[in-house]
Amino acid sequence: MTDEIKISIRNLYKIFGDAPEKALAHVHAGMSKADLLEQENHVLGLNDINVDMPAGKTTVIMGLSGSGKSTLIRHLNRLIEPTAGEVLVDGDNILTYNARQLRDLRQHRMSMVFQKFALLPHRTVLENTGLAPSIEGKKTRAYADEATKWLDRVGLQGLGDQYPHQLSGGMQQRVGIARALTSNSDIMLMDEAFSALDPLIRTDMQDLLIDLQAELHKTIVFITHDLDEALKLADHLVILKDGFVVQQGEPQHILLNPADPYIEDFVGDINRARVLRTRSVMEKTEAPVEGLDGEVDHDDTLESVISMAEGDTNRHYRVMRDGRQVGVLHMRDLVRALVPSERGTDRALAS
Amino acid sequence: MATYDFVFDGLGLREWCGGDDAGGGLMSMDALLSETSGEATEVSAWDTPFPSLDALNEACPAMPQSRDLTSGLENGFLAIKDGLQVVVDPLTQPLSWALTNALWLMQAVPWWLMIPILMIVSFAVGRSLKLAGLVGLSFAFLAFIDYYDYTMQTLAIIFVCAFICVLFGVPIGIAMARNDKVQRGMIPVLDMLQTLPPFVYLIPLIFLFSVTEPKLYGIAIILYAIVPVVRLTDLGIRMVDKEVIEAADAFGMTERQKLFGVQIPLALPNIMAGVNQTIMMSLAMVVIASLVSAPGLGVLVLRGIRSLELGVGLVSGFGIVLLAIILDRVTKAALARINASQH
């Protein structure tokens, strides 16, 4: 597991209003978002954001509406200019880029998938998919093979000649993903990409994305307001509230160690058995233990272990990873981890 | 005694007004009456006139009368006319040529070529045999009642003027959509062009150009008809989905690629609706323009009014309606085709 950092956000501020620089001074002096709006008539969009996004991993930025998550993702390709701070991509501060460098970044190094698909309605599915090469000036014939390959990969065989309005929402978003993949960029920005789809299709699309990611290892920045979706996709989870980062880290860790009541509320409602993995609740030990009831994988969900144990809380399992024992799972601990209110226990288990 | 004597007396301006012998110049009817009858008319408070130029002039001859204002405007215009002509004349000369040549061409082509050509053009635009049939029938009917030449003249004028409207209107609309300042500046101008009675801008044009020049009515028609295409181009480009524009930006399109690859194609339904309105309005204006020697069906309408030839007026009016139907149907068919490919 290499943890090379692809995108790094440093001390990023965004203030909406007529004189953001002046308002920034107030924010530095400690003025709250509500006071800033009331006294200075400026909206504090992002407040001192620091996030490192690992290469080849999925970073999910989660927050409720108005938390600034869509604003944040638009800073990564400078659709929105920050008031202060740095955005480093591969170590380069993209805020110093001129117009030509910025276009190059957007054409070759970053692609984006939008909540409302944002396909060009007057172009065919194939031409939409080949948007990135067509912007470089390539003719349809030149990029048709590449675009068709990605259309096939996302499950849209033979639909290249249709127009976007002839497709359903889910299919349109598949085109959106194929369009992003055809640009061959390392980084994919996904702005609530699945929020406009109905639940079943959303699950399909999440699975598609997980499949693609297992194969392609892109650096994905995914925005969502849905915690289940966030936990399903995230390698690194960032939780935003009112424009600042409340907590970030590995999703399992956040689930077991909510940093403040806001996140406790958030994680209180989800199905922990389906999200938590055995590795998060096991007792770490490599010493052989006698009298175990079987083996489980370190990445199994608690749900699957419960069904395996048939609900018996007295069983103990060996937790395996790549054929080696990494810990022992006591069903008692597992059941305890399912109850979110016992913070103390959670802490003890995860540490 | 005039009503507003006290104003000038009170302000001590009597000297400036030229003493007491007020009413030396032109007098109002009231004043004349009172003078001849030899008794001063006492104006009751109820009848107090508004302190207008004329009322003030009665009290003080040094005040200008309201007709001095209009004649001043006229003289002012006449004074700048020569200078204006030096600039405007060469600029608008191509319009005269275009109109003369279009008129010549449309009449020089024989009817048995012209009517099929018009049918083919309408088919190419609308992709409908029914439409092409309607076009053929309408022109055949107008030719049958010997109105063919007039119809062709009207059509030639409309083609030239509508083309020039699009040529200038679309870029102006684009400039308005891309720049709020341009939009703020243009909207009052467009409002004025749209609300000013068409007869009103014929007047300065008559001063500027000779009535025998085609560009006189050409400019009048263009000024009147350009408004919708400008407005709807502006609106169409501003209404393009923000998300699509954002996607174009996110994939690194240049401004030019965005304009020609996204904004104009997506605004095309609106632009075409504007072109349709522009053609309809030039057709409306071509009748009024016959007052300043525009040839075509409008001349016959005018003849109907002038010499009370009811039949001529009605038939040529019907011919204009027929033309309007054809032009409207053809442009709407083009619009429908664009819409069908986008939604």
# chains A, B, ... in the order shown; residues from 1 in each chain; ligands from 1

call {"tool": "interface_residues", "arguments": {"of": "chain B", "to": "chain A", "cutoff": "6 Å", "atoms": "only C-alpha atoms", "output": "VMD selection string"}}
result
chain B and resid 243 to 244 250 to 252 342 to 343

call {"tool": "residues_around", "arguments": {"residues": "B:Thr154", "least_positions_apart": "4", "cutoff": "7 Å", "atoms": "only C-alpha atoms", "output": "MDAnalysis selection string"}}
result
chainID B and resid 150 158 295:297

call {"tool": "write_last_selection", "arguments": {"atoms": "N, CA, C and O atoms", "output": "PDB file, in the first residue's frame"}}
result
ATOM      1  N   TYR B 150     -44.957  41.710 -58.401  1.00  0.00           N
ATOM      2  CA  TYR B 150     -44.994  42.408 -57.109  1.00  0.00           C
ATOM      3  C   TYR B 150     -44.537  41.484 -55.984  1.00  0.00           C
ATOM      4  O   TYR B 150     -43.793  41.873 -55.079  1.00  0.00           O
ATOM      5  N   ILE B 158     -37.371  41.273 -48.728  1.00  0.00           N
ATOM      6  CA  ILE B 158     -37.352  40.562 -47.444  1.00  0.00           C
ATOM      7  C   ILE B 158     -36.103  39.692 -47.308  1.00  0.00           C
ATOM      8  O   ILE B 158     -35.469  39.666 -46.256  1.00  0.00           O
ATOM      9  N   PRO B 295     -40.710  48.938 -53.680  1.00  0.00           N
ATOM     10  CA  PRO B 295     -41.621  48.278 -54.608  1.00  0.00           C
ATOM     11  C   PRO B 295     -42.264  47.048 -53.977  1.00  0.00           C
ATOM     12  O   PRO B 295     -41.919  46.673 -52.863  1.00  0.00           O
ATOM     13  N   GLY B 296     -43.192  46.458 -54.678  1.00  0.00           N
ATOM     14  CA  GLY B 296     -43.773  45.220 -54.183  1.00  0.00           C
ATOM     15  C   GLY B 296     -45.251  45.338 -53.883  1.00  0.00           C
ATOM     16  O   GLY B 296     -45.922  46.296 -54.284  1.00  0.00           O
ATOM     17  N   LEU B 297     -45.751  44.360 -53.151  1.00  0.00           N
ATOM     18  CA  LEU B 297     -47.186  44.307 -52.846  1.00  0.00           C
ATOM     19  C   LEU B 297     -47.640  45.534 -52.061  1.00  0.00           C
ATOM     20  O   LEU B 297     -48.795  45.952 -52.161  1.00  0.00           O
TER      21      LEU B 297
END

call {"tool": "residues_around", "arguments": {"residues": "A:Lys284", "least_positions_apart": "5", "cutoff": "12 Å", "atoms": "only C-alpha atoms", "output": "list in words"}}
result
Thr278, Arg279, Val289, His298, Arg318, Val319, Met320, Arg321, Gln325, Val326, Gly327, Val328, Leu329, His330, Leu349, Ala350 and Ser351 of chain A

call {"tool": "residues_around", "arguments": {"residues": "A:Val27", "least_positions_apart": "6", "cutoff": "12 Å", "atoms": "only C-alpha atoms", "output": "list in words"}}
result
Tyr13, Lys14, Ile15, Pro20, Glu21, Lys33, Ala34, Asp35, Leu36, Leu37, Glu40, His42, Val43, Leu44, Gly45, Leu46, Asn47, Asp48, Thr83 and Ala84 of chain A

call {"tool": "atom_distance", "arguments": {"atom1": "atom CA of B:Gly126", "atom2": "atom CA of B:Gly298"}}
result
27.5 Å

call {"tool": "atom_distance", "arguments": {"atom1": "atom CA of A:Ala178", "atom2": "atom CA of B:Lys242"}}
result
21.0 Å

call {"tool": "closest_residue", "arguments": {"among": "A:Asp161, A:Asp207, A:Asp191, A:Asp235", "to": "A:Ala55", "atoms": "only C-alpha atoms"}}
result
A:Asp235

call {"tool": "residues_around", "arguments": {"residues": "A:Asp198", "least_positions_apart": "4", "cutoff": "10 Å", "atoms": "only C-alpha atoms", "output": "list in words"}}
result
Gly169, Gly170, Phe194, Arg202 and Thr203 of chain A

call {"tool": "residues_around", "arguments": {"residues": "stretch 58-71 of chain A", "least_positions_apart": "3", "cutoff": "6 Å", "atoms": "only C-alpha atoms", "output": "list in words"}}
result
Gly45, Arg74, Ile220, Val221, Phe222, Ile223, Thr224, His225, Ala230, Ala234, Asp235, His236, Leu237, Val238, Ile239, Leu240, Lys241, Asp242 and Gly243 of chain A

call {"tool": "atom_distance", "arguments": {"atom1": "atom CA of A:Lys218", "atom2": "atom CA of A:Ser185"}}
result
8.1 Å

call {"tool": "residues_around", "arguments": {"residues": "stretch 177-194 of chain B", "least_positions_apart": "3", "cutoff": "6 Å", "atoms": "only C-alpha atoms", "output": "list in words"}}
result
Ile174, Val227, Asp234 and Arg238 of chain B

call {"tool": "decode", "arguments": {"residues": "stretch 279-293 of chain A", "atoms": "all heavy atoms", "output": "mmCIF file, in the first residue's frame"}}
result
data_model
loop_
_atom_site.group_PDB
_atom_site.id
_atom_site.type_symbol
_atom_site.label_atom_id
_atom_site.label_comp_id
_atom_site.auth_asym_id
_atom_site.auth_seq_id
_atom_site.Cartn_x
_atom_site.Cartn_y
_atom_site.Cartn_z
ATOM 1 N N ARG A 279 -11.727 -6.687 10.274
ATOM 2 C CA ARG A 279 -10.429 -6.167 10.699
ATOM 3 C C ARG A 279 -10.561 -5.002 11.666
ATOM 4 O O ARG A 279 -9.661 -4.706 12.431
ATOM 5 C CB ARG A 279 -9.597 -5.753 9.475
ATOM 6 C CG ARG A 279 -10.143 -4.584 8.700
ATOM 7 C CD ARG A 279 -9.254 -4.263 7.506
ATOM 8 N NE ARG A 279 -10.036 -3.957 6.321
ATOM 9 C CZ ARG A 279 -10.449 -2.713 6.011
ATOM 10 N NH1 ARG A 279 -10.157 -1.715 6.792
ATOM 11 N NH2 ARG A 279 -11.161 -2.526 4.924
ATOM 12 N N SER A 280 -11.699 -4.308 11.611
ATOM 13 C CA SER A 280 -11.868 -3.144 12.472
ATOM 14 C C SER A 280 -12.261 -3.512 13.890
ATOM 15 O O SER A 280 -12.109 -2.708 14.799
ATOM 16 C CB SER A 280 -12.930 -2.199 11.895
ATOM 17 O OG SER A 280 -12.681 -1.954 10.539
ATOM 18 N N VAL A 281 -12.791 -4.705 14.089
ATOM 19 C CA VAL A 281 -13.254 -5.051 15.436
ATOM 20 C C VAL A 281 -12.501 -6.248 16.039
ATOM 21 O O VAL A 281 -12.775 -6.653 17.157
ATOM 22 C CB VAL A 281 -14.781 -5.365 15.445
ATOM 23 C CG1 VAL A 281 -15.571 -4.117 15.107
ATOM 24 C CG2 VAL A 281 -15.123 -6.482 14.492
ATOM 25 N N MET A 282 -11.555 -6.784 15.259
ATOM 26 C CA MET A 282 -10.866 -7.989 15.752
ATOM 27 C C MET A 282 -9.809 -7.632 16.798
ATOM 28 O O MET A 282 -9.416 -6.476 16.941
ATOM 29 C CB MET A 282 -10.178 -8.698 14.586
ATOM 30 C CG MET A 282 -8.991 -7.907 14.063
ATOM 31 S SD MET A 282 -8.273 -8.664 12.618
ATOM 32 C CE MET A 282 -6.891 -7.561 12.350
ATOM 33 N N GLU A 283 -9.383 -8.644 17.512
ATOM 34 C CA GLU A 283 -8.246 -8.479 18.407
ATOM 35 C C GLU A 283 -7.008 -8.818 17.599
ATOM 36 O O GLU A 283 -6.901 -9.901 17.024
ATOM 37 C CB GLU A 283 -8.400 -9.442 19.588
ATOM 38 C CG GLU A 283 -7.214 -9.454 20.529
ATOM 39 C CD GLU A 283 -7.256 -10.682 21.442
ATOM 40 O OE1 GLU A 283 -8.365 -11.258 21.588
ATOM 41 O OE2 GLU A 283 -6.216 -11.059 21.977
ATOM 42 N N LYS A 284 -6.065 -7.862 17.514
ATOM 43 C CA LYS A 284 -4.904 -8.091 16.665
ATOM 44 C C LYS A 284 -3.938 -9.049 17.342
ATOM 45 O O LYS A 284 -3.413 -8.734 18.416
ATOM 46 C CB LYS A 284 -4.199 -6.759 16.384
ATOM 47 C CG LYS A 284 -4.730 -6.068 15.131
ATOM 48 C CD LYS A 284 -3.930 -4.810 14.802
ATOM 49 C CE LYS A 284 -4.718 -3.934 13.872
ATOM 50 N NZ LYS A 284 -4.506 -2.506 14.078
ATOM 51 N N THR A 285 -3.715 -10.174 16.729
ATOM 52 C CA THR A 285 -2.710 -11.088 17.256
ATOM 53 C C THR A 285 -2.289 -12.061 16.173
ATOM 54 O O THR A 285 -3.115 -12.474 15.360
ATOM 55 C CB THR A 285 -3.222 -11.871 18.481
ATOM 56 O OG1 THR A 285 -2.273 -12.884 18.805
ATOM 57 C CG2 THR A 285 -4.570 -12.536 18.198
ATOM 58 N N GLU A 286 -0.997 -12.370 16.146
ATOM 59 C CA GLU A 286 -0.544 -13.346 15.172
ATOM 60 C C GLU A 286 -0.244 -14.677 15.848
ATOM 61 O O GLU A 286 0.057 -15.667 15.192
ATOM 62 C CB GLU A 286 0.674 -12.824 14.418
ATOM 63 C CG GLU A 286 0.305 -11.581 13.604
ATOM 64 C CD GLU A 286 1.388 -11.154 12.655
ATOM 65 O OE1 GLU A 286 2.421 -11.837 12.563
ATOM 66 O OE2 GLU A 286 1.178 -10.117 11.996
ATOM 67 N N ALA A 287 -0.309 -14.664 17.191
ATOM 68 C CA ALA A 287 -0.064 -15.913 17.935
ATOM 69 C C ALA A 287 -1.197 -16.887 17.679
ATOM 70 O O ALA A 287 -2.359 -16.494 17.668
ATOM 71 C CB ALA A 287 0.030 -15.604 19.428
ATOM 72 N N PRO A 288 -0.854 -18.160 17.475
ATOM 73 C CA PRO A 288 -1.902 -19.147 17.213
ATOM 74 C C PRO A 288 -2.813 -19.299 18.434
ATOM 75 O O PRO A 288 -2.349 -19.286 19.569
ATOM 76 C CB PRO A 288 -1.120 -20.421 16.916
ATOM 77 C CG PRO A 288 0.287 -20.174 17.316
ATOM 78 C CD PRO A 288 0.505 -18.713 17.449
ATOM 79 N N VAL A 289 -4.084 -19.382 18.182
ATOM 80 C CA VAL A 289 -5.058 -19.537 19.258
ATOM 81 C C VAL A 289 -5.807 -20.843 19.033
ATOM 82 O O VAL A 289 -6.161 -21.164 17.902
ATOM 83 C CB VAL A 289 -6.059 -18.352 19.276
ATOM 84 C CG1 VAL A 289 -7.003 -18.461 20.455
ATOM 85 C CG2 VAL A 289 -5.300 -17.037 19.288
ATOM 86 N N GLU A 290 -6.018 -21.561 20.134
ATOM 87 C CA GLU A 290 -6.725 -22.849 20.007
ATOM 88 C C GLU A 290 -8.223 -22.663 20.169
ATOM 89 O O GLU A 290 -8.694 -21.656 20.693
ATOM 90 C CB GLU A 290 -6.215 -23.828 21.098
ATOM 91 C CG GLU A 290 -4.780 -24.274 20.888
ATOM 92 C CD GLU A 290 -4.576 -24.959 19.558
ATOM 93 O OE1 GLU A 290 -5.399 -25.822 19.180
ATOM 94 O OE2 GLU A 290 -3.598 -24.606 18.843
ATOM 95 N N GLY A 291 -8.981 -23.581 19.725
ATOM 96 C CA GLY A 291 -10.411 -23.655 19.983
ATOM 97 C C GLY A 291 -11.248 -22.655 19.207
ATOM 98 O O GLY A 291 -12.217 -22.114 19.716
ATOM 99 N N LEU A 292 -10.831 -22.349 17.954
ATOM 100 C CA LEU A 292 -11.615 -21.407 17.146
ATOM 101 C C LEU A 292 -12.652 -22.157 16.331
ATOM 102 O O LEU A 292 -12.503 -23.341 16.043
ATOM 103 C CB LEU A 292 -10.683 -20.607 16.239
ATOM 104 C CG LEU A 292 -9.674 -19.735 16.994
ATOM 105 C CD1 LEU A 292 -8.740 -19.056 16.022
ATOM 106 C CD2 LEU A 292 -10.387 -18.713 17.867
ATOM 107 N N ASP A 293 -13.704 -21.395 15.955
ATOM 108 C CA ASP A 293 -14.808 -22.036 15.249
ATOM 109 C C ASP A 293 -14.679 -21.961 13.732
ATOM 110 O O ASP A 293 -15.550 -22.443 13.022
ATOM 111 C CB ASP A 293 -16.131 -21.399 15.671
ATOM 112 C CG ASP A 293 -16.377 -21.585 17.150
ATOM 113 O OD1 ASP A 293 -16.726 -22.696 17.544
ATOM 114 O OD2 ASP A 293 -16.176 -20.602 17.899
#
